[in-house]
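Trainee: One structure is given below, represented as C-alpha cells, and several questions about it will come after.
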Amino acid sequence: MTTAHAAHSSLPGLAIGNGLGSIAVQTAFLAVADFAYRQGNLEHAAASVANLLNAFLLIVILAVVLLATMTTDMAIGHISPMSIAIFAIYMFGLKLAQNTIHSPMWRPVRNEVTKAENQEKYGRASQNRTSRLIGHFIAHGTVLVASGFLLSHIGGSLSERFGLPDTLVGASVTGLITSLPELVTTVAAVRQGALVLAVSNIVGGNTFDSLFVAVGDLFYIPGPIYRGATVQDQFLMGLSILLTAVLGAGLVVRQRRDWSGIGFESIAMLVIYGLGMTMMFLL
C-alpha cells in the first residue's frame, strides 16, 4: 500500500526506497532475533534449504532491479519489461522452493541445536479455534493495510517539509516502520521455538518485498519507475544484495556461536547496515 500509493502520487524515490529499505532493515532484524535466541546461533538452528534458496532468489531479483535502473528506455506501455521479469522470476523461485521442500537433494546436518524446534511447543496459539485465529489475522492485516496507506502520505510530507530525498525517507522512515511488524513476528516466533518460521518470515518476506518495486512500476503512470531511481536507490540495492549474501553465507556455514553469543553473520549484518545507512545520509 505504501509503495503503490507513493508511486501513484508521482513519488518514485519514496516508492523504491520503501520497498528496498524494508529489505535492508528486515535483514538486519535477524541479528536482533539472534540475540533473543540464547541456545545458539539462530541461523544454525533454523537450518532450511527453502530459506537458503529464498536468499539466492532475493539476490537474483535485486540484481534484476538494479539492471532495470540502467535500462530505463525499455518499456511496454508505461511499464518496464524488467518488472514483468521480476514477477516471473519470483513465481519460478516459489516453484523451486516448493520442490526443495518435497524432494530435497540435500539436507542440513541435524544436531542437538536443530532438534530443539521439534521438541518445543509453538505457544498457546495452536490451542485456539481456527476461525478465531483467522478473524484476528484479518483484523490485524486490515489495520496494517490502512496504516501503509497513511504512511505514504506522512512520508511524502516529511520529505517535502524537511527537504530530504524521497529515497532516504523511504529507506530510513517508512521502510523501518513498515518492517516493525516483521521484527515483532520474528522475535515472537523465536520465543515460541518456531525457529525456521522466524528466519523464513524475514527471508521469505524480503523476497516478497522485492516485488514492491515492480508493483510501484504498475502504479507509476509517467513511465517505468526505474527512471526515477537515484544513486541512493542503486546504493540501497547494492546494500540489500550485500546483506542477503552475508545471510546466505551464515545459513551455509551454520556457525554455532562466537564470543558474542551469536553468529558472525549477525554481527556483520548489523555493522553493514549501520555503515550503509550512514553512507546513504552522506550521499
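Following the order of the C-alpha cells, chains are lettered A, B, ..., residues in each are numbered from 1, and ligands are numbered from 1.
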So which residues touch Leu150 (chain A) within 12 Å, counting only C-alpha atoms, skipping near sequence neighbours fewer than 5 positions away, as a ChimeraX atom specification?
Mentor: /A:1-6,143-145,155-157,174,177-178
Trainee: Sort by chain and increasing residue number a table of all residues of region 32-51 of chain A within 7 Å of region 252-255 of chain A, each with its closest pair of atoms and their distance in Å to one decimal, counting only C-alpha atoms, and write it as a tab-separated table.
Mentor:
residue	atom	partner	partner_atom	distance
A:Asn41	CA	A:Gln255	CA	6.8
A:Glu43	CA	A:Arg254	CA	6.2
A:His44	CA	A:Arg254	CA	4.2
Trainee: Limited to N, CA and C atoms, could you put the picked residues into a file as a compact mmCIF listing (two decimals), in the first residue's frame?
Mentor:
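The result, written out as part.txt:
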# COMPACT_ATOMS: atom_id res chain seq x y z
N ASN A 41 23.32 -20.08 17.78
CA ASN A 41 23.16 -19.20 16.63
C ASN A 41 21.84 -19.52 15.92
N GLU A 43 20.73 -18.78 12.89
CA GLU A 43 20.87 -19.29 11.51
C GLU A 43 21.36 -20.74 11.51
N HIS A 44 22.07 -21.14 12.57
CA HIS A 44 22.49 -22.54 12.67
C HIS A 44 21.30 -23.43 13.02
Trainee: List the spatial neighbours of Leu211 (chain A) as a PyMOL selection string - criterion: any atom at most 9 Å away, only C-alpha atoms, same-chain residues fewer than 4 positions off excluded.
Mentor: chain A and resi 19+61+83+86-87+90+207+215-216
Trainee: Include N, CA and C atoms and write out the residues we just selected as a PDB file, in the first residue's frame.
Mentor:
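Here's the written file again-v1.pdb:
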ATOM      1  N   GLY A  19      10.353  -0.022  -0.448  1.00  0.00           N
ATOM      2  CA  GLY A  19      10.489  -1.456  -0.660  1.00  0.00           C
ATOM      3  C   GLY A  19      11.881  -1.969  -0.368  1.00  0.00           C
ATOM      4  N   ILE A  61      16.598 -11.286  -7.854  1.00  0.00           N
ATOM      5  CA  ILE A  61      15.591 -10.258  -8.137  1.00  0.00           C
ATOM      6  C   ILE A  61      16.168  -8.861  -7.926  1.00  0.00           C
ATOM      7  N   SER A  83      10.003  -5.386 -14.883  1.00  0.00           N
ATOM      8  CA  SER A  83       9.005  -5.641 -13.837  1.00  0.00           C
ATOM      9  C   SER A  83       8.283  -6.952 -14.097  1.00  0.00           C
ATOM     10  N   ILE A  86      10.571  -9.683 -13.124  1.00  0.00           N
ATOM     11  CA  ILE A  86      10.665  -9.840 -11.664  1.00  0.00           C
ATOM     12  C   ILE A  86       9.547 -10.743 -11.156  1.00  0.00           C
ATOM     13  N   PHE A  87       8.317 -10.509 -11.631  1.00  0.00           N
ATOM     14  CA  PHE A  87       7.192 -11.351 -11.220  1.00  0.00           C
ATOM     15  C   PHE A  87       7.412 -12.798 -11.677  1.00  0.00           C
ATOM     16  N   TYR A  90      10.040 -14.488  -9.559  1.00  0.00           N
ATOM     17  CA  TYR A  90       9.510 -14.771  -8.222  1.00  0.00           C
ATOM     18  C   TYR A  90       8.659 -16.034  -8.230  1.00  0.00           C
ATOM     19  N   THR A 207      11.939 -11.519   0.072  1.00  0.00           N
ATOM     20  CA  THR A 207      11.755 -11.907  -1.321  1.00  0.00           C
ATOM     21  C   THR A 207      10.437 -11.359  -1.856  1.00  0.00           C
ATOM     22  N   VAL A 215       5.584  -3.554  -8.363  1.00  0.00           N
ATOM     23  CA  VAL A 215       4.229  -3.060  -8.115  1.00  0.00           C
ATOM     24  C   VAL A 215       4.186  -1.540  -8.274  1.00  0.00           C
ATOM     25  N   GLY A 216       5.210  -0.864  -7.746  1.00  0.00           N
ATOM     26  CA  GLY A 216       5.292   0.581  -7.914  1.00  0.00           C
ATOM     27  C   GLY A 216       5.350   0.965  -9.375  1.00  0.00           C
TER      28      GLY A 216
END
Trainee: What's the 12 Å shell around Gly205 (chain A), counting only C-alpha atoms, without same-chain residues fewer than 6 positions away, as a ChimeraX atom specification?
Mentor: /A:19-20,22-27,30,51,54-55,57-58,178-179,181-183,185-186,197-199,211-212
Trainee: Quick one: write out the picked residues with C-alpha atoms as a PDB file, in the first residue's frame?
Mentor:
ATOM      1  CA  GLY A  19      10.489  -1.456  -0.660  1.00  0.00           C
ATOM      2  CA  LEU A  20      14.267  -1.718  -0.704  1.00  0.00           C
ATOM      3  CA  SER A  22      12.333  -2.727   4.161  1.00  0.00           C
ATOM      4  CA  ILE A  23      14.557  -5.490   2.774  1.00  0.00           C
ATOM      5  CA  ALA A  24      17.709  -3.989   4.258  1.00  0.00           C
ATOM      6  CA  VAL A  25      16.325  -3.292   7.719  1.00  0.00           C
ATOM      7  CA  GLN A  26      14.469  -6.606   7.977  1.00  0.00           C
ATOM      8  CA  THR A  27      17.663  -8.492   7.182  1.00  0.00           C
ATOM      9  CA  LEU A  30      17.501 -11.155  12.042  1.00  0.00           C
ATOM     10  CA  ASN A  51      15.339 -20.374   3.365  1.00  0.00           C
ATOM     11  CA  ASN A  54      14.913 -17.786  -0.960  1.00  0.00           C
ATOM     12  CA  ALA A  55      18.061 -15.841  -0.108  1.00  0.00           C
ATOM     13  CA  LEU A  57      16.219 -15.809  -5.190  1.00  0.00           C
ATOM     14  CA  LEU A  58      16.199 -12.417  -3.484  1.00  0.00           C
ATOM     15  CA  THR A 178       6.613  -0.934   7.844  1.00  0.00           C
ATOM     16  CA  SER A 179       9.230  -3.508   8.895  1.00  0.00           C
ATOM     17  CA  PRO A 181       5.666  -5.984  12.339  1.00  0.00           C
ATOM     18  CA  GLU A 182       8.269  -8.346  10.847  1.00  0.00           C
ATOM     19  CA  LEU A 183      10.566  -7.744  13.818  1.00  0.00           C
ATOM     20  CA  THR A 185       6.689 -11.583  14.449  1.00  0.00           C
ATOM     21  CA  THR A 186      10.238 -12.910  14.190  1.00  0.00           C
ATOM     22  CA  LEU A 197       9.413 -19.740  10.830  1.00  0.00           C
ATOM     23  CA  ALA A 198      11.372 -16.874  12.380  1.00  0.00           C
ATOM     24  CA  VAL A 199      14.038 -16.921   9.683  1.00  0.00           C
ATOM     25  CA  LEU A 211       8.142  -7.298  -5.777  1.00  0.00           C
ATOM     26  CA  PHE A 212       7.207  -3.890  -4.363  1.00  0.00           C
TER      27      PHE A 212
END
Trainee: Using only C-alpha atoms, which residues sit within 6 Å of Gly175 (chain A) once same-chain residues fewer than 4 positions away are excluded, as a ChimeraX atom specification?
Mentor: /A:18,21-22,170-171
Trainee: Could you take the residues named above and write them with C-alpha atoms, as a CSV table (one decimal), in the first residue's frame?
Mentor:
chain,number,residue,atom,x,y,z
A,18,ASN,CA,10.3,2.0,0.9
A,21,GLY,CA,14.6,-0.1,2.7
A,22,SER,CA,12.3,-2.7,4.2
A,170,GLY,CA,11.6,5.7,2.2
A,171,ALA,CA,14.6,3.7,3.4
Trainee: Grab the CA of Ile225 (chain A) to CA of Ala68 (chain A) distance for me, in Å with one decimal place.
Mentor: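 Distance reported for this atom pair: 9.4 Å.
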Trainee: Need to verify the contact set: Met269 (chain A), 8 Å, only C-alpha atoms, exclusion of same-chain residues closer than 4 positions in sequence. Can you return it as a ChimeraX atom specification?
Mentor: /A:27-28,31,243,246-247,265,273
Trainee: Please dump the current selection as a compact mmCIF listing (two decimals), in the first residue's frame; keep all heavy atoms.
Mentor:
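Saved as result-v3.txt:
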# COMPACT_ATOMS: atom_id res chain seq x y z
N THR A 27 16.53 -7.58 7.12
CA THR A 27 17.66 -8.49 7.18
C THR A 27 18.48 -8.23 8.45
O THR A 27 18.92 -9.16 9.14
CB THR A 27 18.55 -8.34 5.94
OG1 THR A 27 17.76 -8.48 4.76
CG2 THR A 27 19.65 -9.39 5.92
N ALA A 28 18.66 -6.95 8.77
CA ALA A 28 19.37 -6.59 10.00
C ALA A 28 18.59 -7.04 11.23
O ALA A 28 19.18 -7.36 12.27
CB ALA A 28 19.62 -5.09 10.04
N ALA A 31 19.50 -10.24 13.10
CA ALA A 31 20.53 -10.19 14.13
C ALA A 31 19.90 -9.92 15.49
O ALA A 31 20.33 -10.46 16.51
CB ALA A 31 21.56 -9.11 13.79
N LEU A 243 23.78 -7.55 2.18
CA LEU A 243 23.22 -8.09 3.42
C LEU A 243 22.67 -9.50 3.20
O LEU A 243 22.87 -10.40 4.04
CB LEU A 243 22.12 -7.17 3.94
CG LEU A 243 22.58 -5.86 4.58
CD1 LEU A 243 21.39 -4.91 4.76
CD2 LEU A 243 23.25 -6.11 5.92
N VAL A 246 25.49 -12.06 2.86
CA VAL A 246 26.06 -12.40 4.18
C VAL A 246 25.14 -13.37 4.91
O VAL A 246 25.59 -14.34 5.53
CB VAL A 246 26.29 -11.12 5.01
CG1 VAL A 246 26.68 -11.48 6.45
CG2 VAL A 246 27.36 -10.25 4.38
N LEU A 247 23.83 -13.10 4.85
CA LEU A 247 22.86 -14.00 5.48
C LEU A 247 22.94 -15.39 4.86
O LEU A 247 22.93 -16.41 5.57
CB LEU A 247 21.45 -13.43 5.34
CG LEU A 247 20.31 -14.35 5.78
CD1 LEU A 247 20.44 -14.71 7.25
CD2 LEU A 247 18.96 -13.68 5.52
N GLU A 265 27.49 -13.87 11.00
CA GLU A 265 26.65 -13.18 10.03
C GLU A 265 25.79 -12.11 10.69
O GLU A 265 25.53 -11.05 10.11
CB GLU A 265 25.77 -14.19 9.27
CG GLU A 265 24.67 -14.86 10.07
CD GLU A 265 25.18 -15.97 10.97
OE1 GLU A 265 26.36 -16.35 10.84
OE2 GLU A 265 24.40 -16.43 11.81
N TYR A 273 24.70 -2.83 7.89
CA TYR A 273 23.50 -1.99 7.82
C TYR A 273 23.78 -0.61 8.41
O TYR A 273 23.39 0.42 7.83
CB TYR A 273 22.33 -2.65 8.54
CG TYR A 273 21.08 -1.80 8.52
CD1 TYR A 273 20.30 -1.71 7.36
CD2 TYR A 273 20.68 -1.09 9.64
CE1 TYR A 273 19.16 -0.92 7.33
CE2 TYR A 273 19.53 -0.30 9.62
CZ TYR A 273 18.78 -0.22 8.46
OH TYR A 273 17.65 0.56 8.44
Trainee: Which neighbours of Leu67 (chain A) fall inside 12 Å, counting only C-alpha atoms, when residues of the same chain fewer than 2 positions from it are skipped, and could you give them as a ChimeraX atom specification?
Mentor: /A:60-65,69-74,80-83,85-86,226-227,229,234,237-238
